[in-house]
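structure_32.cif, holding mmCIF, C-alpha atoms:
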data_protein
#
loop_
_atom_site.group_PDB
_atom_site.id
_atom_site.type_symbol
_atom_site.label_atom_id
_atom_site.label_comp_id
_atom_site.auth_asym_id
_atom_site.auth_seq_id
_atom_site.Cartn_x
_atom_site.Cartn_y
_atom_site.Cartn_z
ATOM 1 C CA MET A 1 -155.788 -23.636 -38.130
ATOM 2 C CA ASN A 2 -155.723 -21.533 -41.266
ATOM 3 C CA GLU A 3 -152.589 -19.773 -42.513
ATOM 4 C CA LYS A 4 -153.420 -16.489 -40.784
ATOM 5 C CA GLN A 5 -153.882 -18.226 -37.429
ATOM 6 C CA LYS A 6 -150.595 -20.101 -37.881
ATOM 7 C CA GLU A 7 -148.865 -16.792 -38.581
ATOM 8 C CA TYR A 8 -150.266 -15.288 -35.366
ATOM 9 C CA ILE A 9 -149.163 -18.333 -33.341
ATOM 10 C CA GLN A 10 -145.664 -18.070 -34.814
ATOM 11 C CA LYS A 11 -145.432 -14.400 -33.835
ATOM 12 C CA ILE A 12 -146.586 -15.187 -30.283
ATOM 13 C CA ARG A 13 -143.983 -17.931 -29.969
ATOM 14 C CA LEU A 14 -141.281 -15.595 -31.249
ATOM 15 C CA GLY A 15 -142.335 -12.935 -28.729
ATOM 16 C CA ILE A 16 -142.207 -15.467 -25.870
ATOM 17 C CA ASP A 17 -138.735 -16.641 -26.940
ATOM 18 C CA GLN A 18 -137.450 -13.062 -27.068
ATOM 19 C CA MET A 19 -138.953 -12.251 -23.663
ATOM 20 C CA THR A 20 -137.412 -15.399 -22.160
ATOM 21 C CA GLU A 21 -134.002 -14.463 -23.611
ATOM 22 C CA LEU A 22 -134.281 -10.961 -22.147
ATOM 23 C CA ILE A 23 -135.230 -12.268 -18.686
ATOM 24 C CA ASP A 24 -132.356 -14.773 -18.769
ATOM 25 C CA ASP A 25 -129.889 -12.006 -19.694
ATOM 26 C CA LEU A 26 -131.193 -9.721 -16.934
ATOM 27 C CA LEU A 27 -130.880 -12.482 -14.326
ATOM 28 C CA ASN A 28 -127.415 -13.323 -15.643
ATOM 29 C CA ILE A 29 -126.058 -9.782 -15.481
ATOM 30 C CA GLY A 30 -127.601 -9.265 -12.023
ATOM 31 C CA ARG A 31 -125.896 -12.411 -10.721
ATOM 32 C CA ILE A 32 -122.530 -11.370 -12.188
ATOM 33 C CA GLU A 33 -122.695 -7.833 -10.797
ATOM 34 C CA ALA A 34 -123.666 -9.180 -7.373
ATOM 35 C CA GLY A 35 -120.782 -11.696 -7.473
ATOM 36 C CA ILE A 36 -123.099 -14.627 -6.753
ATOM 37 C CA GLY A 37 -121.763 -18.128 -7.409
ATOM 38 C CA ILE A 38 -118.393 -16.940 -8.731
ATOM 39 C CA ASN A 39 -115.693 -19.623 -8.695
ATOM 40 C CA MET A 40 -112.240 -18.180 -9.336
ATOM 41 C CA ALA A 41 -109.322 -20.514 -10.061
ATOM 42 C CA PRO A 42 -106.180 -20.573 -12.231
ATOM 43 C CA CYS A 43 -107.336 -21.048 -15.835
ATOM 44 C CA ARG A 44 -105.460 -22.333 -18.891
ATOM 45 C CA LEU A 45 -106.796 -20.044 -21.615
ATOM 46 C CA ASP A 46 -105.180 -21.966 -24.464
ATOM 47 C CA THR A 47 -107.087 -25.159 -23.608
ATOM 48 C CA MET A 48 -110.377 -23.323 -23.148
ATOM 49 C CA LEU A 49 -110.024 -21.354 -26.397
ATOM 50 C CA LYS A 50 -109.261 -24.483 -28.423
ATOM 51 C CA ARG A 51 -112.442 -26.148 -27.174
ATOM 52 C CA LEU A 52 -114.445 -23.007 -27.863
ATOM 53 C CA ALA A 53 -112.995 -22.700 -31.377
ATOM 54 C CA LEU A 54 -114.141 -26.220 -32.280
ATOM 55 C CA GLU A 55 -117.727 -25.258 -31.454
ATOM 56 C CA MET A 56 -117.656 -21.847 -33.137
ATOM 57 C CA ASP A 57 -116.005 -23.170 -36.292
ATOM 58 C CA MET A 58 -119.209 -25.013 -37.230
ATOM 59 C CA SER A 59 -121.346 -21.867 -36.840
ATOM 60 C CA ALA A 60 -118.929 -19.960 -39.064
ATOM 61 C CA ARG A 61 -118.895 -22.705 -41.710
ATOM 62 C CA VAL A 62 -122.704 -22.664 -41.902
ATOM 63 C CA LYS A 63 -122.447 -19.003 -42.991
ATOM 64 C CA GLY A 64 -119.553 -19.694 -45.349
ATOM 65 C CA LEU A 65 -117.070 -17.794 -43.166
ATOM 66 C CA GLU A 66 -113.433 -18.648 -42.517
ATOM 67 C CA PHE A 67 -112.791 -19.079 -38.793
ATOM 68 C CA THR A 68 -109.242 -19.181 -37.420
ATOM 69 C CA LEU A 69 -107.708 -19.515 -33.963
ATOM 70 C CA ASP A 70 -104.236 -18.188 -33.178
ATOM 71 C CA VAL A 71 -102.977 -18.853 -29.649
ATOM 72 C CA SER A 72 -99.408 -17.883 -28.786
ATOM 73 C CA PRO A 73 -97.162 -20.570 -27.281
ATOM 74 C CA ALA A 74 -96.687 -20.442 -23.496
ATOM 75 C CA LEU A 75 -99.799 -18.323 -23.000
ATOM 76 C CA SER A 76 -99.910 -17.128 -19.393
ATOM 77 C CA PRO A 77 -102.652 -18.526 -17.143
ATOM 78 C CA VAL A 78 -105.255 -16.178 -15.654
ATOM 79 C CA MET A 79 -107.280 -16.268 -12.475
ATOM 80 C CA ALA A 80 -110.843 -16.736 -13.682
ATOM 81 C CA ASP A 81 -114.260 -18.246 -13.371
ATOM 82 C CA GLU A 82 -113.739 -20.321 -16.507
ATOM 83 C CA THR A 83 -117.454 -20.722 -17.259
ATOM 84 C CA LEU A 84 -118.076 -16.972 -17.129
ATOM 85 C CA LEU A 85 -114.928 -16.025 -19.040
ATOM 86 C CA ARG A 86 -115.783 -18.552 -21.720
ATOM 87 C CA GLN A 87 -119.269 -17.026 -21.940
ATOM 88 C CA ALA A 88 -117.800 -13.557 -22.523
ATOM 89 C CA ILE A 89 -115.446 -14.718 -25.287
ATOM 90 C CA ALA A 90 -118.127 -16.908 -26.889
ATOM 91 C CA ASN A 91 -120.475 -13.924 -26.917
ATOM 92 C CA LEU A 92 -117.936 -11.835 -28.852
ATOM 93 C CA VAL A 93 -117.240 -14.637 -31.340
ATOM 94 C CA ASP A 94 -120.953 -15.312 -31.782
ATOM 95 C CA ASN A 95 -121.565 -11.606 -32.457
ATOM 96 C CA ALA A 96 -118.716 -11.543 -34.964
ATOM 97 C CA ILE A 97 -120.268 -14.464 -36.852
ATOM 98 C CA LYS A 98 -123.749 -12.965 -36.613
ATOM 99 C CA TYR A 99 -122.705 -9.566 -38.008
ATOM 100 C CA THR A 100 -120.400 -10.893 -40.736
ATOM 101 C CA HIS A 101 -121.962 -11.917 -44.044
ATOM 102 C CA GLN A 102 -118.792 -12.852 -45.872
ATOM 103 C CA GLY A 103 -115.095 -13.100 -45.131
ATOM 104 C CA PHE A 104 -113.561 -14.176 -41.834
ATOM 105 C CA VAL A 105 -113.679 -14.280 -38.062
ATOM 106 C CA LYS A 106 -110.392 -14.539 -36.145
ATOM 107 C CA LEU A 107 -109.840 -15.378 -32.486
ATOM 108 C CA ARG A 108 -106.375 -14.568 -31.108
ATOM 109 C CA ALA A 109 -104.726 -14.774 -27.703
ATOM 110 C CA TYR A 110 -101.227 -13.644 -26.790
ATOM 111 C CA ASN A 111 -99.157 -12.424 -23.855
ATOM 112 C CA ILE A 112 -98.716 -8.739 -23.114
ATOM 113 C CA GLN A 113 -96.834 -7.057 -20.294
ATOM 114 C CA ASP A 114 -98.261 -8.414 -17.014
ATOM 115 C CA GLY A 115 -101.236 -9.940 -18.780
ATOM 116 C CA VAL A 116 -103.013 -11.631 -21.650
ATOM 117 C CA MET A 117 -104.786 -10.097 -24.644
ATOM 118 C CA ILE A 118 -107.698 -11.756 -26.408
ATOM 119 C CA GLU A 119 -108.871 -10.406 -29.774
ATOM 120 C CA VAL A 120 -111.967 -11.204 -31.802
ATOM 121 C CA GLN A 121 -111.703 -9.737 -35.301
ATOM 122 C CA ASP A 122 -114.188 -9.929 -38.166
ATOM 123 C CA SER A 123 -114.724 -8.588 -41.670
ATOM 124 C CA GLY A 124 -118.356 -7.770 -40.925
ATOM 125 C CA ILE A 125 -120.635 -4.775 -41.235
ATOM 126 C CA GLY A 126 -118.676 -2.660 -38.761
ATOM 127 C CA ILE A 127 -119.802 -0.104 -36.207
ATOM 128 C CA PRO A 128 -120.129 3.676 -36.660
ATOM 129 C CA ASN A 129 -117.603 5.724 -34.644
ATOM 130 C CA ALA A 130 -120.417 7.558 -32.878
ATOM 131 C CA ASP A 131 -121.677 4.267 -31.384
ATOM 132 C CA LEU A 132 -118.363 2.975 -30.028
ATOM 133 C CA PRO A 133 -118.378 4.939 -26.707
ATOM 134 C CA ARG A 134 -121.804 3.506 -25.750
ATOM 135 C CA LEU A 135 -121.316 0.017 -27.132
ATOM 136 C CA PHE A 136 -121.146 -1.743 -23.735
ATOM 137 C CA GLU A 137 -124.094 0.068 -22.125
ATOM 138 C CA LYS A 138 -127.119 -1.963 -21.086
ATOM 139 C CA PHE A 139 -129.857 -2.083 -23.747
ATOM 140 C CA TYR A 140 -127.812 -0.029 -26.206
ATOM 141 C CA ARG A 141 -128.011 -1.296 -29.773
ATOM 142 C CA VAL A 142 -126.312 0.065 -32.878
ATOM 143 C CA LYS A 143 -128.976 1.414 -35.202
ATOM 144 C CA THR A 144 -127.887 0.774 -38.771
ATOM 145 C CA ARG A 145 -130.046 -0.669 -41.520
ATOM 146 C CA GLU A 146 -128.207 -4.000 -41.363
ATOM 147 C CA SER A 147 -127.883 -4.338 -37.585
ATOM 148 C CA LEU A 148 -131.587 -3.701 -36.945
ATOM 149 C CA LYS A 149 -132.399 -6.848 -38.926
ATOM 150 C CA ILE A 150 -130.490 -8.981 -36.400
ATOM 151 C CA HIS A 151 -132.261 -9.856 -33.150
ATOM 152 C CA GLY A 152 -130.651 -9.058 -29.807
ATOM 153 C CA THR A 153 -131.596 -8.018 -26.279
ATOM 154 C CA GLY A 154 -129.047 -5.194 -26.054
ATOM 155 C CA LEU A 155 -127.476 -6.880 -23.019
ATOM 156 C CA GLY A 156 -124.873 -9.162 -24.612
ATOM 157 C CA LEU A 157 -121.989 -6.696 -24.602
ATOM 158 C CA ALA A 158 -122.987 -5.349 -21.174
ATOM 159 C CA ILE A 159 -122.675 -8.913 -19.861
ATOM 160 C CA VAL A 160 -119.252 -9.203 -21.494
ATOM 161 C CA LYS A 161 -118.151 -5.961 -19.797
ATOM 162 C CA SER A 162 -119.424 -7.114 -16.390
ATOM 163 C CA ILE A 163 -117.597 -10.451 -16.696
ATOM 164 C CA VAL A 164 -114.333 -8.845 -17.806
ATOM 165 C CA GLU A 165 -114.423 -6.244 -15.020
ATOM 166 C CA LEU A 166 -115.138 -9.013 -12.513
ATOM 167 C CA HIS A 167 -111.812 -10.479 -13.655
ATOM 168 C CA LYS A 168 -110.069 -7.093 -13.168
ATOM 169 C CA GLY A 169 -109.700 -6.723 -16.933
ATOM 170 C CA ARG A 170 -110.743 -4.290 -19.670
ATOM 171 C CA VAL A 171 -112.794 -4.679 -22.848
ATOM 172 C CA TRP A 172 -113.010 -2.272 -25.791
ATOM 173 C CA ALA A 173 -113.560 -2.240 -29.540
ATOM 174 C CA LYS A 174 -112.181 -0.691 -32.699
ATOM 175 C CA SER A 175 -114.263 -0.618 -35.843
ATOM 176 C CA GLU A 176 -114.942 1.039 -39.145
ATOM 177 C CA LEU A 177 -118.354 0.974 -40.775
ATOM 178 C CA GLY A 178 -118.355 -1.532 -43.623
ATOM 179 C CA ARG A 179 -114.824 -2.729 -42.814
ATOM 180 C CA GLY A 180 -115.274 -5.003 -39.812
ATOM 181 C CA SER A 181 -114.579 -4.809 -36.088
ATOM 182 C CA THR A 182 -112.047 -5.974 -33.527
ATOM 183 C CA PHE A 183 -112.944 -6.513 -29.876
ATOM 184 C CA PHE A 184 -110.207 -6.670 -27.250
ATOM 185 C CA ILE A 185 -110.150 -8.219 -23.774
ATOM 186 C CA SER A 186 -107.083 -7.660 -21.590
ATOM 187 C CA LEU A 187 -106.694 -9.696 -18.415
ATOM 188 C CA PRO A 188 -104.009 -9.716 -15.700
ATOM 189 C CA ALA A 189 -101.776 -12.793 -15.794
ATOM 190 C CA HIS A 190 -101.731 -15.195 -12.845
ATOM 191 C CA SER A 191 -98.322 -16.500 -11.806
ATOM 192 C CA LEU A 192 -97.446 -19.498 -9.647
ATOM 193 C CA GLU A 193 -95.451 -17.121 -7.412
ATOM 194 C CA GLN A 194 -98.586 -14.986 -6.937
ATOM 195 C CA GLU A 195 -100.635 -18.103 -6.129
ATOM 196 C CA GLY A 196 -98.092 -19.118 -3.476
ATOM 197 C CA LYS A 197 -98.277 -15.701 -1.789
ATOM 198 C CA GLU A 198 -102.081 -15.889 -1.704
ATOM 199 C CA GLN A 199 -101.965 -19.332 -0.076
ATOM 200 C CA VAL A 200 -99.558 -18.031 2.578
ATOM 201 C CA ARG A 201 -101.904 -15.119 3.365
ATOM 202 C CA GLU A 202 -104.833 -17.526 3.745
ATOM 203 C CA GLN A 203 -102.869 -19.622 6.253
#
Would it be possible to restate this file's structure as structure tokens?
Amino acid sequence: MNEKQKEYIQKIRLGIDQMTELIDDLLNIGRIEAGIGINMAPCRLDTMLKRLALEMDMSARVKGLEFTLDVSPALSPVMADETLLRQAIANLVDNAIKYTHQGFVKLRAYNIQDGVMIEVQDSGIGIPNADLPRLFEKFYRVKTRESLKIHGTGLGLAIVKSIVELHKGRVWAKSELGRGSTFFISLPAHSLEQEGKEQVREQ
């Protein structure tokens, strides 16, 4: 093949990859919203976040970013489908790395009243205030000169929202254009006393 033909083939392959990613995201969000294959169990967030941080640290280093994890001692457990919850947090961290060209990405987790808070903070390109209310809508993408250069299906944050709501939690973001963003996930804590009551009800 000549160079022009190779260029066409490359574009076709890219289009197929993007279409496959979109279909996978649509199937994923449909499964989550329908509650199919959900496996809820007490989850140790500190252990899960440490494993996740080891993987994400390499992605951050490749871009020359500083990645830090700060998990409070005695972090409360949560009732969760660990695979799904990990996917939601990983999505936020991956976005933070993707939209940050220099500086840092921080992942934090700490106890709040009756729950746990997870924060993903970055020093990236930021999000305009006008876009924040629609940020978690399906297919909504922030349209700035820098963000349009980065590929995405527009479903990543909608998937995060669906997963968090499945866990009876909330997700939101604070940001300033050019000054970075912070995404928050709050989840209800799961106590051993609560687990005992649930087992009694089942009997």
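Each of A:Pro73, A:Gly115, A:Gly37, A:Gly103 was compared to Ser191 (chain A) using all atoms listed in the file, and A:Gly115 turns out to be the nearest.
Straight-line separation from CA of Arg108 (chain A) to CA of Val160 (chain A): 16.9 Å.
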- For the structure shown, which residues end up in the PyMOL selection byres ((chain A and resi 139) around 9)? Put them as a PyMOL selection string, please? chain A and resi 136-138+140-141+153-156+158
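Polymer residues near (-107.5, -7.8, -28.5): counting only C-alpha atoms with a cut-off of 9 Å, they are Leu107, Arg108, Ala109, Tyr110, Met117, Ile118, Glu119, Val120, Gln121, Val171, Trp172, Ala173, Thr182, Phe183, Phe184, Ile185 and Ser186 of chain A.
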The PyMOL selection byres ((chain A and resi 125) around 10) applied to the shown file, residues as a PDB file with C-alpha atoms, keeping the file's coordinate frame:
ATOM      1  CA  ALA A  96    -118.716 -11.543 -34.964  1.00  0.00           C
ATOM      2  CA  LYS A  98    -123.749 -12.965 -36.613  1.00  0.00           C
ATOM      3  CA  TYR A  99    -122.705  -9.566 -38.008  1.00  0.00           C
ATOM      4  CA  THR A 100    -120.400 -10.893 -40.736  1.00  0.00           C
ATOM      5  CA  HIS A 101    -121.962 -11.917 -44.044  1.00  0.00           C
ATOM      6  CA  GLN A 102    -118.792 -12.852 -45.872  1.00  0.00           C
ATOM      7  CA  ASP A 122    -114.188  -9.929 -38.166  1.00  0.00           C
ATOM      8  CA  SER A 123    -114.724  -8.588 -41.670  1.00  0.00           C
ATOM      9  CA  GLY A 124    -118.356  -7.770 -40.925  1.00  0.00           C
ATOM     10  CA  GLY A 126    -118.676  -2.660 -38.761  1.00  0.00           C
ATOM     11  CA  ILE A 127    -119.802  -0.104 -36.207  1.00  0.00           C
ATOM     12  CA  PRO A 128    -120.129   3.676 -36.660  1.00  0.00           C
ATOM     13  CA  THR A 144    -127.887   0.774 -38.771  1.00  0.00           C
ATOM     14  CA  GLU A 146    -128.207  -4.000 -41.363  1.00  0.00           C
ATOM     15  CA  SER A 147    -127.883  -4.338 -37.585  1.00  0.00           C
ATOM     16  CA  SER A 175    -114.263  -0.618 -35.843  1.00  0.00           C
ATOM     17  CA  GLU A 176    -114.942   1.039 -39.145  1.00  0.00           C
ATOM     18  CA  LEU A 177    -118.354   0.974 -40.775  1.00  0.00           C
ATOM     19  CA  GLY A 178    -118.355  -1.532 -43.623  1.00  0.00           C
ATOM     20  CA  ARG A 179    -114.824  -2.729 -42.814  1.00  0.00           C
ATOM     21  CA  GLY A 180    -115.274  -5.003 -39.812  1.00  0.00           C
ATOM     22  CA  SER A 181    -114.579  -4.809 -36.088  1.00  0.00           C
TER      23      SER A 181
END
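You can rank A:Leu85, A:Val116, A:Ile97, A:Leu65 by their closest distance to Glu165 (chain A) using all atoms listed in the file, and at the top of that list sits A:Leu85.
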- Point out the residue among A:Ile12, A:Val93, A:Ala189, A:Met19 with the least atom-to-atom distance to Ala60 (chain A), counting all atoms listed in the file. A:Val93
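Comparing the minimum interatomic distances between Asp131 (chain A) and each of A:Lys174, A:Tyr8, A:Leu187, A:Asp81, counting only C-alpha atoms, we find that A:Lys174 sits nearest.
Atom pair CA of Pro42 (chain A) / CA of Thr68 (chain A) has a distance of 25.4 Å (rounded to one decimal).
Put simply, the PyMOL selection byres ((chain A and resi 87) around 12) in this file takes in Asp25, Asn28, Ile29, Ile32, Met48, Leu49, Leu52, Ala80, Asp81, Glu82, Thr83, Leu84, Leu85, Arg86, Ala88, Ile89, Ala90, Asn91, Leu92, Val93, Asp94, Gly156, Leu157, Ile159, Val160, Lys161, Ser162, Ile163 and Val164 of chain A.
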Model the absent atoms of region 158-189 of chain A so that N, CA and C atoms are present, and write the result as a PDB file, keeping the file's coordinate frame.
ATOM      1  N   ALA A 158    -123.006  -5.787 -22.579  1.00  0.00           N
ATOM      2  CA  ALA A 158    -122.987  -5.349 -21.174  1.00  0.00           C
ATOM      3  C   ALA A 158    -122.590  -6.517 -20.277  1.00  0.00           C
ATOM      4  N   ILE A 159    -123.051  -7.715 -20.615  1.00  0.00           N
ATOM      5  CA  ILE A 159    -122.675  -8.913 -19.861  1.00  0.00           C
ATOM      6  C   ILE A 159    -121.181  -9.176 -20.018  1.00  0.00           C
ATOM      7  N   VAL A 160    -120.680  -9.031 -21.249  1.00  0.00           N
ATOM      8  CA  VAL A 160    -119.252  -9.203 -21.494  1.00  0.00           C
ATOM      9  C   VAL A 160    -118.445  -8.245 -20.618  1.00  0.00           C
ATOM     10  N   LYS A 161    -118.849  -6.977 -20.590  1.00  0.00           N
ATOM     11  CA  LYS A 161    -118.151  -5.961 -19.797  1.00  0.00           C
ATOM     12  C   LYS A 161    -118.165  -6.316 -18.305  1.00  0.00           C
ATOM     13  N   SER A 162    -119.316  -6.754 -17.807  1.00  0.00           N
ATOM     14  CA  SER A 162    -119.424  -7.114 -16.390  1.00  0.00           C
ATOM     15  C   SER A 162    -118.504  -8.285 -16.050  1.00  0.00           C
ATOM     16  N   ILE A 163    -118.453  -9.279 -16.934  1.00  0.00           N
ATOM     17  CA  ILE A 163    -117.597 -10.451 -16.696  1.00  0.00           C
ATOM     18  C   ILE A 163    -116.125 -10.047 -16.704  1.00  0.00           C
ATOM     19  N   VAL A 164    -115.740  -9.253 -17.694  1.00  0.00           N
ATOM     20  CA  VAL A 164    -114.333  -8.845 -17.806  1.00  0.00           C
ATOM     21  C   VAL A 164    -113.921  -8.006 -16.599  1.00  0.00           C
ATOM     22  N   GLU A 165    -114.759  -7.082 -16.176  1.00  0.00           N
ATOM     23  CA  GLU A 165    -114.423  -6.244 -15.020  1.00  0.00           C
ATOM     24  C   GLU A 165    -114.372  -7.062 -13.734  1.00  0.00           C
ATOM     25  N   LEU A 166    -115.194  -8.095 -13.648  1.00  0.00           N
ATOM     26  CA  LEU A 166    -115.138  -9.013 -12.513  1.00  0.00           C
ATOM     27  C   LEU A 166    -113.761  -9.669 -12.421  1.00  0.00           C
ATOM     28  N   HIS A 167    -113.135  -9.869 -13.591  1.00  0.00           N
ATOM     29  CA  HIS A 167    -111.812 -10.479 -13.655  1.00  0.00           C
ATOM     30  C   HIS A 167    -110.684  -9.437 -13.643  1.00  0.00           C
ATOM     31  N   LYS A 168    -111.040  -8.198 -13.256  1.00  0.00           N
ATOM     32  CA  LYS A 168    -110.069  -7.093 -13.168  1.00  0.00           C
ATOM     33  C   LYS A 168    -109.409  -6.796 -14.522  1.00  0.00           C
ATOM     34  N   GLY A 169    -110.195  -6.982 -15.587  1.00  0.00           N
ATOM     35  CA  GLY A 169    -109.700  -6.723 -16.933  1.00  0.00           C
ATOM     36  C   GLY A 169    -110.415  -5.561 -17.594  1.00  0.00           C
ATOM     37  N   ARG A 170    -110.101  -5.352 -18.885  1.00  0.00           N
ATOM     38  CA  ARG A 170    -110.743  -4.290 -19.670  1.00  0.00           C
ATOM     39  C   ARG A 170    -111.221  -4.870 -20.997  1.00  0.00           C
ATOM     40  N   VAL A 171    -112.297  -4.290 -21.539  1.00  0.00           N
ATOM     41  CA  VAL A 171    -112.794  -4.679 -22.848  1.00  0.00           C
ATOM     42  C   VAL A 171    -113.092  -3.417 -23.647  1.00  0.00           C
ATOM     43  N   TRP A 172    -112.733  -3.409 -24.924  1.00  0.00           N
ATOM     44  CA  TRP A 172    -113.010  -2.272 -25.791  1.00  0.00           C
ATOM     45  C   TRP A 172    -113.053  -2.756 -27.235  1.00  0.00           C
ATOM     46  N   ALA A 173    -113.411  -1.855 -28.132  1.00  0.00           N
ATOM     47  CA  ALA A 173    -113.560  -2.240 -29.540  1.00  0.00           C
ATOM     48  C   ALA A 173    -113.024  -1.159 -30.456  1.00  0.00           C
ATOM     49  N   LYS A 174    -112.538  -1.589 -31.609  1.00  0.00           N
ATOM     50  CA  LYS A 174    -112.181  -0.691 -32.699  1.00  0.00           C
ATOM     51  C   LYS A 174    -112.950  -1.161 -33.928  1.00  0.00           C
ATOM     52  N   SER A 175    -113.460  -0.220 -34.695  1.00  0.00           N
ATOM     53  CA  SER A 175    -114.263  -0.618 -35.843  1.00  0.00           C
ATOM     54  C   SER A 175    -114.347   0.500 -36.869  1.00  0.00           C
ATOM     55  N   GLU A 176    -114.687   0.091 -38.067  1.00  0.00           N
ATOM     56  CA  GLU A 176    -114.942   1.039 -39.145  1.00  0.00           C
ATOM     57  C   GLU A 176    -116.145   0.526 -39.921  1.00  0.00           C
ATOM     58  N   LEU A 177    -117.125   1.378 -40.117  1.00  0.00           N
ATOM     59  CA  LEU A 177    -118.354   0.974 -40.775  1.00  0.00           C
ATOM     60  C   LEU A 177    -118.055   0.376 -42.145  1.00  0.00           C
ATOM     61  N   GLY A 178    -118.549  -0.837 -42.350  1.00  0.00           N
ATOM     62  CA  GLY A 178    -118.355  -1.532 -43.623  1.00  0.00           C
ATOM     63  C   GLY A 178    -117.027  -2.247 -43.753  1.00  0.00           C
ATOM     64  N   ARG A 179    -116.158  -2.125 -42.725  1.00  0.00           N
ATOM     65  CA  ARG A 179    -114.824  -2.729 -42.814  1.00  0.00           C
ATOM     66  C   ARG A 179    -114.498  -3.653 -41.633  1.00  0.00           C
ATOM     67  N   GLY A 180    -115.498  -4.034 -40.883  1.00  0.00           N
ATOM     68  CA  GLY A 180    -115.274  -5.003 -39.812  1.00  0.00           C
ATOM     69  C   GLY A 180    -114.947  -4.377 -38.466  1.00  0.00           C
ATOM     70  N   SER A 181    -114.817  -5.246 -37.471  1.00  0.00           N
ATOM     71  CA  SER A 181    -114.579  -4.809 -36.088  1.00  0.00           C
ATOM     72  C   SER A 181    -113.563  -5.723 -35.420  1.00  0.00           C
ATOM     73  N   THR A 182    -112.917  -5.177 -34.393  1.00  0.00           N
ATOM     74  CA  THR A 182    -112.047  -5.974 -33.527  1.00  0.00           C
ATOM     75  C   THR A 182    -112.379  -5.643 -32.080  1.00  0.00           C
ATOM     76  N   PHE A 183    -112.685  -6.670 -31.304  1.00  0.00           N
ATOM     77  CA  PHE A 183    -112.944  -6.513 -29.876  1.00  0.00           C
ATOM     78  C   PHE A 183    -111.748  -7.047 -29.099  1.00  0.00           C
ATOM     79  N   PHE A 184    -111.385  -6.330 -28.035  1.00  0.00           N
ATOM     80  CA  PHE A 184    -110.207  -6.670 -27.250  1.00  0.00           C
ATOM     81  C   PHE A 184    -110.598  -6.919 -25.796  1.00  0.00           C
ATOM     82  N   ILE A 185    -110.036  -7.967 -25.217  1.00  0.00           N
ATOM     83  CA  ILE A 185    -110.150  -8.219 -23.774  1.00  0.00           C
ATOM     84  C   ILE A 185    -108.737  -8.356 -23.234  1.00  0.00           C
ATOM     85  N   SER A 186    -108.375  -7.517 -22.264  1.00  0.00           N
ATOM     86  CA  SER A 186    -107.083  -7.660 -21.590  1.00  0.00           C
ATOM     87  C   SER A 186    -107.329  -8.119 -20.159  1.00  0.00           C
ATOM     88  N   LEU A 187    -106.547  -9.116 -19.747  1.00  0.00           N
ATOM     89  CA  LEU A 187    -106.694  -9.696 -18.415  1.00  0.00           C
ATOM     90  C   LEU A 187    -105.334  -9.759 -17.731  1.00  0.00           C
ATOM     91  N   PRO A 188    -105.285  -9.564 -16.406  1.00  0.00           N
ATOM     92  CA  PRO A 188    -104.009  -9.716 -15.700  1.00  0.00           C
ATOM     93  C   PRO A 188    -103.591 -11.181 -15.677  1.00  0.00           C
ATOM     94  N   ALA A 189    -102.293 -11.430 -15.850  1.00  0.00           N
ATOM     95  CA  ALA A 189    -101.776 -12.793 -15.794  1.00  0.00           C
ATOM     96  C   ALA A 189    -101.749 -13.273 -14.349  1.00  0.00           C
TER      97      ALA A 189
END
